[in-house]
Amino acid sequence: MKNPKDPAAPRAARAKAAPAAKAAPVSKIAAAAATIEQDVVYRQFADNPGKVLAYRQLSRRLGITTKVQREQLFAHLKELKEAGRLELLQNDDYRLANPTDLQVAAAAPKGRKIAKKAVTQAAAPAILPEEEFGQDPIIHRRRSAGFDHVGDGPDRPRRDSNTVIGTVSLATPRFAFVVREDGEGDDIRVFTDQLRYALDGDLVRVHLRGIRDGRLTGDVVEVLKRQRVEVVGRLQLHGSIGFVKPDNRKSYFDVMVTPEGLADSRNGDKVLVRISEFPDHEGQGRNPVGTIVRNFGAAGENEAEINAIMAEFGLPFEFPSAVEEEAEAIPTTISKEEIAKRRDFRDVLTFTIDPADAKDFDDALSLRTLENGHYEVGVHIADVTHYVRIGTELEREGKHRATSVYLVDRVIPMLPENLSNGLCSLRPNEDKLTFSAVFEIDEKGKIHESWFGKTIIHSDRRFSYEDAQERIETGEGDLAEEVNLLNRLAKQLSAARFKKGAISFETQEVKFKLGEDGKPLGVYVKERKDAHKLIEEFMLQANKGVAEYVFNKRKTKPRLTMVYRTHDAPDPDRLENFALFAQKFGHKLNLANPKKVSTELNKLSEDVVGRPEQNVIQGLAIRSMSKAIYTTEPLGHFGLAFAHYSHFTSPIRRYPDMMAHRLLEHYLNGGKNVPSEAVEEECKHSSAREKLAANAERASIKYKQVEYIGAHIGEQFTGVVSGLTERGIYVEIEANKCEGMVRISDIPGDTWELDKDNYRLVGRGSKRIIQFGDELQVVVTSANLLDRTIDMELVDDRPEHIKQRERAEREAGRASRGGGYRGDKNGKSSGKGGSSRGGSGSSGGRGDKGGKRRR
């Protein structure tokens, strides 16, 4: 999100290239450039005894403009340092080192004339980009002479009090933030000119430069570890040279591909390029060089774009052969010895409820009435860890993937299909091995007893959510009585949860109806009905029960190590900001009592239902909350109002559930406490992979929304204002949740200004107000599949002659200013940032597998 106070990235002045018609050959230009003598470099220090000079300062003083001269300067500085005549203080700062030299320098005549002469001699025509890199290359942020970077030589200081280590988080094409490894202090803003080509997730060392515009700033002096060296983008050919323009809009450079690395790719193809060469300090202004390792086909095609999204987020395309072979070799029969070790539920009524198109049934419910009138409800989970053993390739691959990923048109499973859809799937009319949480519940939903252990089941019926919902609504059909009994118990459990302070905000899940070719034929919002909530409530109870059992098994510290799913209480400052935002719509939040926060939020959730601002308020409420993570710390779950909570119910598609299964089995068998360090590291990895999967899922949704709306150009829709920036307003179409931008310069009837404090646009003449939640009529004017953006215009019902006159006035105004509006392409957000990409239908995170959401 762009800060309107952020200045432009600092840059040295560009050396002007000579006109193309008069350009000399590269070799002649290089020869014409005067040699930088070592004595001239040394005199810069001798004339200023005690003064510290940086590499960039020297470049400017000596008028250095060519690569050859930069190489000479760096070599002279290195030689003078090795000779003991200069001292390298930190990074690129030098000064005289020898006291005798200082005395001699003080007495020596000043060498200004020599230096000035050197400047005159060094001034030479700059090498044209076309001659250096090929015809008309694509170069982002072309560096000019004297660009300040430090080499990777052994003499560069490794660490000092003014450097920190951290991870790069790209914010815009102009700057990134480095998140400090030590966790101390604020993140450091680094302009992309100073990133040394670091990418998202790279580990870097940063030299702190001080405070600028209220933010701590610095320069990357070393890339310690590159997280990824592969980039997804669109290939653009310029002669025999290719340049890959990244899909990630935060990227700040293109990747050059030599003829040898093109691999028969064509102009406009969507490709994956592996960077083999990052420019060092001597090659600033050059593009990284790479080789195309995968071609997805013509950009804009469904298969190419979805595969590109997979590659962009580092998702695997297939399982290694060793993993597939292990999965195929697992015996499918269940031995009598194994059955004898387990509690047998095969004679107890058991069924599954899942999406109609699901194949990986990882949970089932059993039900029977006990002699005391209570009910025994069994939550039976596929016993994945019985088949996936520690030390196998299956285990290693599952740990690495950590989660299944649900893109719009495909699933990228955590485990091979032989396991996820076969051996471990609780299919009807088959004996299956399970790990179960069994509860004794009374009619009021009170839990009296709990039991956890290994079981064997035989599912009697497979329900889709629609099947189960039909029985709830009509009371008819096979097992309707049992389904309705479970629904009543689920409602009792839910009521008890909300009474204790659970949060009721829910996000909307966008679903697509796809044709055989993968193109979207329709978009709709998935409705969560009682059948979904029934299953979710019993899964929550199982996850909670497992966490409480392990936590309470040892009463003293250290507690037994366990995988917990935790959710911190909201940050007070963020919550206060949200309360101020809600107040603009007439909703008051009383945050004086921390214990009543959930009550206030739930009341707000009820108040906004059916109102235009509902989606905006609920989406921002969720974003004001902390993110749930995996950890070994039993910190509780604020959103669910659980003191202890784990993930136990989806081991087919979540690795933390497999970890929880192993730990629970270990403790049930009397095992000693497990060291927490390794488990905590796996929790961190799983949290990171979950976030990556959610981002990939959102990217696929946005792409499909843009693809869908592209077939409706020129059509009129009803939308709601979902965001405001200085560039324009974001409007979300109510019917399909596609979101696009209406530029401020195109809003008819007035000249509009952004009132950031009140989250609205105000007409300068009419004083008309456009604000969050307003319902508007819009026409879709364009849909860009490559950028995943949608453009819209407001419907204008005024007479045609008035509209024509206004358009002419706008065009005349633009011409007088030398062009149209030139806002920052990342927007200056008030409540919502970024571009007009696809949509925000899954702003709070996609629902997991038909209603089993990421809690």
# chains A, B, ... in the order shown; residues from 1 in each chain; ligands from 1
>>> residues_around(residues="stretch 556-571 of chain A", least_positions_apart="6", cutoff="9 Å", atoms="only C-alpha atoms", output="JSON list (two decimals) with all heavy atoms, in the first residue's frame")
[["chain", "number", "residue", "atom", "x", "y", "z"],
["A", 547, "ALA", "N", -6.73, -31.05, 21.73],
["A", 547, "ALA", "CA", -5.81, -30.06, 22.32],
["A", 547, "ALA", "C", -5.95, -30.03, 23.84],
["A", 547, "ALA", "O", -4.93, -30.00, 24.56],
["A", 547, "ALA", "CB", -6.09, -28.68, 21.73],
["A", 550, "VAL", "N", -4.31, -33.27, 25.54],
["A", 550, "VAL", "CA", -2.85, -33.25, 25.64],
["A", 550, "VAL", "C", -2.39, -32.19, 26.64],
["A", 550, "VAL", "O", -1.49, -32.43, 27.45],
["A", 550, "VAL", "CB", -2.21, -33.00, 24.25],
["A", 550, "VAL", "CG1", -0.70, -32.85, 24.39],
["A", 550, "VAL", "CG2", -2.55, -34.14, 23.31],
["A", 624, "SER", "N", -8.63, -6.83, 10.41],
["A", 624, "SER", "CA", -8.12, -6.19, 11.62],
["A", 624, "SER", "C", -7.71, -7.21, 12.68],
["A", 624, "SER", "O", -7.06, -6.87, 13.66],
["A", 624, "SER", "CB", -9.17, -5.24, 12.21],
["A", 624, "SER", "OG", -10.26, -5.94, 12.77],
["A", 625, "MET", "N", -8.10, -8.45, 12.47],
["A", 625, "MET", "CA", -7.76, -9.52, 13.40],
["A", 625, "MET", "C", -6.34, -10.03, 13.15],
["A", 625, "MET", "O", -5.75, -9.83, 12.10],
["A", 625, "MET", "CB", -8.73, -10.70, 13.24],
["A", 625, "MET", "CG", -10.18, -10.35, 13.43],
["A", 625, "MET", "SD", -10.59, -10.12, 15.16],
["A", 625, "MET", "CE", -12.32, -9.68, 15.00],
["A", 626, "SER", "N", -5.82, -10.73, 14.15],
["A", 626, "SER", "CA", -4.54, -11.43, 13.98],
["A", 626, "SER", "C", -4.77, -12.64, 13.07],
["A", 626, "SER", "O", -5.90, -13.09, 12.88],
["A", 626, "SER", "CB", -4.00, -11.88, 15.33],
["A", 626, "SER", "OG", -3.86, -10.80, 16.22],
["A", 627, "LYS", "N", -3.68, -13.16, 12.51],
["A", 627, "LYS", "CA", -3.77, -14.35, 11.68],
["A", 627, "LYS", "C", -3.52, -15.59, 12.53],
["A", 627, "LYS", "O", -2.63, -15.62, 13.37],
["A", 627, "LYS", "CB", -2.73, -14.29, 10.55],
["A", 627, "LYS", "CG", -2.86, -13.08, 9.64],
["A", 627, "LYS", "CD", -4.20, -13.04, 8.93],
["A", 627, "LYS", "CE", -4.30, -11.84, 7.99],
["A", 627, "LYS", "NZ", -5.65, -11.72, 7.41],
["A", 628, "ALA", "N", -4.32, -16.63, 12.30],
["A", 628, "ALA", "CA", -4.12, -17.89, 13.01],
["A", 628, "ALA", "C", -2.86, -18.58, 12.50],
["A", 628, "ALA", "O", -2.57, -18.54, 11.30],
["A", 628, "ALA", "CB", -5.33, -18.80, 12.82],
["A", 629, "ILE", "N", -2.11, -19.18, 13.39],
["A", 629, "ILE", "CA", -0.86, -19.84, 13.03],
["A", 629, "ILE", "C", -0.75, -21.18, 13.77],
["A", 629, "ILE", "O", -1.52, -21.47, 14.69],
["A", 629, "ILE", "CB", 0.37, -18.99, 13.39],
["A", 629, "ILE", "CG1", 0.43, -18.74, 14.91],
["A", 629, "ILE", "CG2", 0.38, -17.69, 12.61],
["A", 629, "ILE", "CD1", 1.74, -18.14, 15.39],
["A", 630, "TYR", "N", 0.23, -21.97, 13.35],
["A", 630, "TYR", "CA", 0.58, -23.21, 14.05],
["A", 630, "TYR", "C", 1.77, -22.94, 14.96],
["A", 630, "TYR", "O", 2.73, -22.26, 14.56],
["A", 630, "TYR", "CB", 0.93, -24.31, 13.06],
["A", 630, "TYR", "CG", -0.22, -24.71, 12.16],
["A", 630, "TYR", "CD1", -0.25, -24.33, 10.82],
["A", 630, "TYR", "CD2", -1.28, -25.46, 12.66],
["A", 630, "TYR", "CE1", -1.31, -24.70, 10.00],
["A", 630, "TYR", "CE2", -2.34, -25.83, 11.85],
["A", 630, "TYR", "CZ", -2.35, -25.44, 10.52],
["A", 630, "TYR", "OH", -3.40, -25.79, 9.71],
["A", 631, "THR", "N", 1.71, -23.48, 16.17],
["A", 631, "THR", "CA", 2.81, -23.29, 17.11],
["A", 631, "THR", "C", 2.71, -24.33, 18.22],
["A", 631, "THR", "O", 1.66, -24.98, 18.39],
["A", 631, "THR", "CB", 2.76, -21.87, 17.73],
["A", 631, "THR", "OG1", 3.82, -21.73, 18.67],
["A", 631, "THR", "CG2", 1.44, -21.62, 18.44],
["A", 632, "THR", "N", 3.79, -24.50, 18.95],
["A", 632, "THR", "CA", 3.77, -25.40, 20.12],
["A", 632, "THR", "C", 3.35, -24.66, 21.38],
["A", 632, "THR", "O", 3.23, -25.27, 22.44],
["A", 632, "THR", "CB", 5.16, -26.03, 20.33],
["A", 632, "THR", "OG1", 6.14, -24.98, 20.44],
["A", 632, "THR", "CG2", 5.53, -26.93, 19.16],
["A", 633, "GLU", "N", 3.13, -23.35, 21.27],
["A", 633, "GLU", "CA", 2.71, -22.55, 22.43],
["A", 633, "GLU", "C", 1.18, -22.62, 22.57],
["A", 633, "GLU", "O", 0.45, -22.26, 21.65],
["A", 633, "GLU", "CB", 3.14, -21.09, 22.27],
["A", 633, "GLU", "CG", 4.64, -20.89, 22.24],
["A", 633, "GLU", "CD", 5.28, -21.18, 23.59],
["A", 633, "GLU", "OE1", 4.60, -21.00, 24.62],
["A", 633, "GLU", "OE2", 6.44, -21.59, 23.60],
["A", 634, "PRO", "N", 0.68, -23.08, 23.74],
["A", 634, "PRO", "CA", -0.78, -23.22, 23.93],
["A", 634, "PRO", "C", -1.45, -21.89, 24.27],
["A", 634, "PRO", "O", -1.87, -21.64, 25.40],
["A", 634, "PRO", "CB", -0.87, -24.20, 25.09],
["A", 634, "PRO", "CG", 0.36, -23.94, 25.90],
["A", 634, "PRO", "CD", 1.44, -23.56, 24.91],
["A", 635, "LEU", "N", -1.56, -21.01, 23.28],
["A", 635, "LEU", "CA", -2.00, -19.64, 23.53],
["A", 635, "LEU", "C", -3.49, -19.43, 23.35],
["A", 635, "LEU", "O", -4.00, -18.34, 23.59],
["A", 635, "LEU", "CB", -1.23, -18.69, 22.60],
["A", 635, "LEU", "CG", 0.30, -18.73, 22.72],
["A", 635, "LEU", "CD1", 0.93, -17.81, 21.70],
["A", 635, "LEU", "CD2", 0.72, -18.34, 24.13],
["A", 636, "GLY", "N", -4.22, -20.43, 22.91],
["A", 636, "GLY", "CA", -5.66, -20.28, 22.75],
["A", 636, "GLY", "C", -6.05, -19.71, 21.40],
["A", 636, "GLY", "O", -5.22, -19.27, 20.60],
["A", 637, "HIS", "N", -7.36, -19.73, 21.14],
["A", 637, "HIS", "CA", -7.90, -19.26, 19.86],
["A", 637, "HIS", "C", -8.98, -18.23, 20.15],
["A", 637, "HIS", "O", -10.09, -18.56, 20.57],
["A", 637, "HIS", "CB", -8.48, -20.44, 19.08],
["A", 637, "HIS", "CG", -8.68, -20.17, 17.63],
["A", 637, "HIS", "ND1", -9.60, -19.25, 17.18],
["A", 637, "HIS", "CD2", -8.07, -20.69, 16.51],
["A", 637, "HIS", "CE1", -9.58, -19.23, 15.84],
["A", 637, "HIS", "NE2", -8.67, -20.09, 15.42],
["A", 638, "PHE", "N", -8.65, -16.95, 19.91],
["A", 638, "PHE", "CA", -9.56, -15.85, 20.22],
["A", 638, "PHE", "C", -10.86, -15.96, 19.42],
["A", 638, "PHE", "O", -11.96, -15.83, 19.96],
["A", 638, "PHE", "CB", -8.88, -14.52, 19.94],
["A", 638, "PHE", "CG", -9.79, -13.33, 20.08],
["A", 638, "PHE", "CD1", -10.05, -12.79, 21.33],
["A", 638, "PHE", "CD2", -10.40, -12.75, 18.97],
["A", 638, "PHE", "CE1", -10.91, -11.71, 21.48],
["A", 638, "PHE", "CE2", -11.24, -11.66, 19.11],
["A", 638, "PHE", "CZ", -11.51, -11.14, 20.37],
["A", 639, "GLY", "N", -10.75, -16.19, 18.11],
["A", 639, "GLY", "CA", -11.93, -16.19, 17.26],
["A", 639, "GLY", "C", -12.93, -17.28, 17.61],
["A", 639, "GLY", "O", -14.14, -17.09, 17.44],
["A", 640, "LEU", "N", -12.44, -18.42, 18.08],
["A", 640, "LEU", "CA", -13.33, -19.53, 18.43],
["A", 640, "LEU", "C", -13.66, -19.56, 19.93],
["A", 640, "LEU", "O", -14.49, -20.37, 20.36],
["A", 640, "LEU", "CB", -12.67, -20.87, 18.04],
["A", 640, "LEU", "CG", -12.44, -21.08, 16.55],
["A", 640, "LEU", "CD1", -11.64, -22.35, 16.31],
["A", 640, "LEU", "CD2", -13.77, -21.15, 15.80],
["A", 644, "HIS", "N", -7.76, -23.87, 24.29],
["A", 644, "HIS", "CA", -6.78, -24.72, 23.61],
["A", 644, "HIS", "C", -7.42, -25.30, 22.37],
["A", 644, "HIS", "O", -8.58, -25.73, 22.39],
["A", 644, "HIS", "CB", -6.29, -25.83, 24.54],
["A", 644, "HIS", "CG", -5.79, -25.33, 25.85],
["A", 644, "HIS", "ND1", -4.64, -24.58, 25.97],
["A", 644, "HIS", "CD2", -6.31, -25.44, 27.10],
["A", 644, "HIS", "CE1", -4.46, -24.26, 27.24],
["A", 644, "HIS", "NE2", -5.46, -24.75, 27.95],
["A", 645, "TYR", "N", -6.66, -25.30, 21.29],
["A", 645, "TYR", "CA", -7.22, -25.73, 20.01],
["A", 645, "TYR", "C", -6.09, -26.27, 19.14],
["A", 645, "TYR", "O", -4.96, -25.76, 19.16],
["A", 645, "TYR", "CB", -7.90, -24.54, 19.32],
["A", 645, "TYR", "CG", -8.63, -24.89, 18.05],
["A", 645, "TYR", "CD1", -9.75, -25.70, 18.06],
["A", 645, "TYR", "CD2", -8.21, -24.39, 16.82],
["A", 645, "TYR", "CE1", -10.44, -26.01, 16.90],
["A", 645, "TYR", "CE2", -8.88, -24.68, 15.65],
["A", 645, "TYR", "CZ", -10.00, -25.49, 15.69],
["A", 645, "TYR", "OH", -10.67, -25.79, 14.53],
["A", 646, "SER", "N", -6.38, -27.33, 18.41],
["A", 646, "SER", "CA", -5.39, -27.93, 17.52],
["A", 646, "SER", "C", -6.05, -28.18, 16.17],
["A", 646, "SER", "O", -7.22, -27.85, 15.96],
["A", 646, "SER", "CB", -4.88, -29.25, 18.11],
["A", 646, "SER", "OG", -3.87, -29.81, 17.29],
["A", 647, "HIS", "N", -5.30, -28.74, 15.22],
["A", 647, "HIS", "CA", -5.86, -29.23, 13.97],
["A", 647, "HIS", "C", -5.60, -30.73, 13.91],
["A", 647, "HIS", "O", -4.45, -31.17, 13.86],
["A", 647, "HIS", "CB", -5.23, -28.52, 12.77],
["A", 647, "HIS", "CG", -5.99, -27.31, 12.33],
["A", 647, "HIS", "ND1", -5.61, -26.51, 11.28],
["A", 647, "HIS", "CD2", -7.15, -26.77, 12.79],
["A", 647, "HIS", "CE1", -6.49, -25.53, 11.13],
["A", 647, "HIS", "NE2", -7.43, -25.66, 12.04],
["A", 656, "PRO", "N", 0.12, -30.35, 9.58],
["A", 656, "PRO", "CA", 0.03, -30.19, 11.04],
["A", 656, "PRO", "C", -0.91, -31.20, 11.69],
["A", 656, "PRO", "O", -0.69, -31.63, 12.83],
["A", 656, "PRO", "CB", -0.50, -28.76, 11.20],
["A", 656, "PRO", "CG", 0.00, -28.05, 9.98],
["A", 656, "PRO", "CD", -0.10, -29.07, 8.88],
["A", 657, "ASP", "N", -1.97, -31.62, 10.97],
["A", 657, "ASP", "CA", -2.87, -32.65, 11.51],
["A", 657, "ASP", "C", -2.14, -33.98, 11.64],
["A", 657, "ASP", "O", -2.36, -34.72, 12.61],
["A", 657, "ASP", "CB", -4.08, -32.80, 10.59],
["A", 657, "ASP", "CG", -4.88, -31.51, 10.46],
["A", 657, "ASP", "OD1", -4.27, -30.48, 10.09],
["A", 657, "ASP", "OD2", -6.09, -31.51, 10.73],
["A", 659, "MET", "N", 1.05, -34.25, 12.24],
["A", 659, "MET", "CA", 1.90, -34.06, 13.42],
["A", 659, "MET", "C", 1.10, -34.27, 14.70],
["A", 659, "MET", "O", 1.57, -34.92, 15.66],
["A", 659, "MET", "CB", 2.52, -32.66, 13.39],
["A", 659, "MET", "CG", 3.48, -32.42, 12.24],
["A", 659, "MET", "SD", 3.77, -30.65, 11.93],
["A", 659, "MET", "CE", 4.52, -30.15, 13.48],
["A", 660, "ALA", "N", -0.11, -33.70, 14.74],
["A", 660, "ALA", "CA", -0.96, -33.86, 15.92],
["A", 660, "ALA", "C", -1.31, -35.33, 16.13],
["A", 660, "ALA", "O", -1.35, -35.81, 17.28],
["A", 660, "ALA", "CB", -2.23, -33.02, 15.75],
["A", 663, "LEU", "N", 1.76, -37.10, 17.68],
["A", 663, "LEU", "CA", 1.99, -36.71, 19.07],
["A", 663, "LEU", "C", 0.92, -37.31, 19.99],
["A", 663, "LEU", "O", 1.22, -37.81, 21.07],
["A", 663, "LEU", "CB", 2.00, -35.19, 19.20],
["A", 663, "LEU", "CG", 3.22, -34.49, 18.58],
["A", 663, "LEU", "CD1", 2.99, -32.98, 18.47],
["A", 663, "LEU", "CD2", 4.48, -34.77, 19.42],
["A", 664, "LEU", "N", -0.34, -37.26, 19.57],
["A", 664, "LEU", "CA", -1.41, -37.82, 20.39],
["A", 664, "LEU", "C", -1.22, -39.32, 20.58],
["A", 664, "LEU", "O", -1.36, -39.84, 21.70],
["A", 664, "LEU", "CB", -2.77, -37.54, 19.74],
["A", 664, "LEU", "CG", -3.99, -38.11, 20.46],
["A", 664, "LEU", "CD1", -4.09, -37.58, 21.89],
["A", 664, "LEU", "CD2", -5.27, -37.81, 19.68],
["A", 667, "TYR", "N", 1.55, -40.01, 23.12],
["A", 667, "TYR", "CA", 1.17, -39.79, 24.52],
["A", 667, "TYR", "C", 0.14, -40.80, 24.99],
["A", 667, "TYR", "O", 0.14, -41.22, 26.16],
["A", 667, "TYR", "CB", 0.65, -38.36, 24.70],
["A", 667, "TYR", "CG", 1.67, -37.29, 24.38],
["A", 667, "TYR", "CD1", 1.33, -36.16, 23.64],
["A", 667, "TYR", "CD2", 3.00, -37.43, 24.80],
["A", 667, "TYR", "CE1", 2.27, -35.19, 23.34],
["A", 667, "TYR", "CE2", 3.95, -36.46, 24.49],
["A", 667, "TYR", "CZ", 3.58, -35.35, 23.76],
["A", 667, "TYR", "OH", 4.53, -34.38, 23.46],
["A", 672, "LYS", "N", 7.12, -40.38, 26.50],
["A", 672, "LYS", "CA", 7.61, -39.20, 27.22],
["A", 672, "LYS", "C", 7.45, -37.95, 26.37],
["A", 672, "LYS", "O", 7.18, -38.03, 25.17],
["A", 672, "LYS", "CB", 9.08, -39.40, 27.60],
["A", 672, "LYS", "CG", 9.31, -40.54, 28.58],
["A", 672, "LYS", "CD", 10.79, -40.66, 28.94],
["A", 672, "LYS", "CE", 11.01, -41.80, 29.94],
["A", 672, "LYS", "NZ", 12.45, -41.94, 30.33],
["A", 673, "ASN", "N", 7.68, -36.81, 27.02],
["A", 673, "ASN", "CA", 7.53, -35.54, 26.31],
["A", 673, "ASN", "C", 8.50, -35.46, 25.14],
["A", 673, "ASN", "O", 9.65, -35.92, 25.21],
["A", 673, "ASN", "CB", 7.77, -34.38, 27.28],
["A", 673, "ASN", "CG", 7.21, -33.07, 26.75],
["A", 673, "ASN", "OD1", 6.54, -33.05, 25.72],
["A", 673, "ASN", "ND2", 7.46, -31.99, 27.45],
["A", 674, "VAL", "N", 8.03, -34.86, 24.05],
["A", 674, "VAL", "CA", 8.83, -34.70, 22.83],
["A", 674, "VAL", "C", 9.46, -33.31, 22.83],
["A", 674, "VAL", "O", 8.77, -32.33, 23.14],
["A", 674, "VAL", "CB", 7.92, -34.86, 21.59],
["A", 674, "VAL", "CG1", 8.69, -34.56, 20.32],
["A", 674, "VAL", "CG2", 7.32, -36.26, 21.55],
["A", 675, "PRO", "N", 10.75, -33.20, 22.53],
["A", 675, "PRO", "CA", 11.37, -31.86, 22.46],
["A", 675, "PRO", "C", 10.60, -30.96, 21.50],
["A", 675, "PRO", "O", 10.18, -31.38, 20.42],
["A", 675, "PRO", "CB", 12.78, -32.15, 21.94],
["A", 675, "PRO", "CG", 13.05, -33.56, 22.35],
["A", 675, "PRO", "CD", 11.72, -34.26, 22.26],
["A", 676, "SER", "N", 10.42, -29.70, 21.89],
["A", 676, "SER", "CA", 9.54, -28.81, 21.13],
["A", 676, "SER", "C", 10.22, -28.11, 19.96],
["A", 676, "SER", "O", 9.54, -27.64, 19.04],
["A", 676, "SER", "CB", 8.95, -27.75, 22.06],
["A", 676, "SER", "OG", 9.98, -26.94, 22.60],
["A", 679, "VAL", "N", 9.53, -29.55, 16.45],
["A", 679, "VAL", "CA", 8.10, -29.42, 16.16],
["A", 679, "VAL", "C", 7.75, -27.98, 15.85],
["A", 679, "VAL", "O", 6.96, -27.69, 14.94],
["A", 679, "VAL", "CB", 7.26, -29.94, 17.35],
["A", 679, "VAL", "CG1", 5.77, -29.80, 17.05],
["A", 679, "VAL", "CG2", 7.61, -31.39, 17.67],
["A", 680, "GLU", "N", 8.33, -27.03, 16.58],
["A", 680, "GLU", "CA", 8.06, -25.61, 16.35],
["A", 680, "GLU", "C", 8.51, -25.19, 14.95],
["A", 680, "GLU", "O", 7.83, -24.43, 14.26],
["A", 680, "GLU", "CB", 8.75, -24.76, 17.41],
["A", 680, "GLU", "CG", 8.51, -23.27, 17.29],
["A", 680, "GLU", "CD", 7.06, -22.88, 17.50],
["A", 680, "GLU", "OE1", 6.36, -23.59, 18.25],
["A", 680, "GLU", "OE2", 6.62, -21.87, 16.91],
["A", 683, "CYS", "N", 6.03, -26.32, 12.55],
["A", 683, "CYS", "CA", 4.85, -25.46, 12.65],
["A", 683, "CYS", "C", 5.05, -24.18, 11.83],
["A", 683, "CYS", "O", 4.14, -23.75, 11.11],
["A", 683, "CYS", "CB", 4.58, -25.11, 14.11],
["A", 683, "CYS", "SG", 3.86, -26.44, 15.09],
["A", 855, "ARG", "N", -9.57, -22.30, 10.37],
["A", 855, "ARG", "CA", -9.83, -21.68, 11.66],
["A", 855, "ARG", "C", -8.55, -21.61, 12.47],
["A", 855, "ARG", "O", -7.83, -22.58, 12.56],
["A", 855, "ARG", "CB", -10.86, -22.50, 12.45],
["A", 855, "ARG", "CG", -12.26, -22.48, 11.81],
["A", 855, "ARG", "CD", -12.94, -21.16, 12.12],
["A", 855, "ARG", "NE", -14.38, -21.27, 11.91],
["A", 855, "ARG", "CZ", -15.23, -20.32, 12.19],
["A", 855, "ARG", "NH1", -14.82, -19.17, 12.65],
["A", 855, "ARG", "NH2", -16.52, -20.47, 11.99]]
>>> closest_residue(among="A:Leu80, A:Val616, A:Ile36, A:Leu208", to="A:Val68", atoms="only C-alpha atoms")
A:Ile36
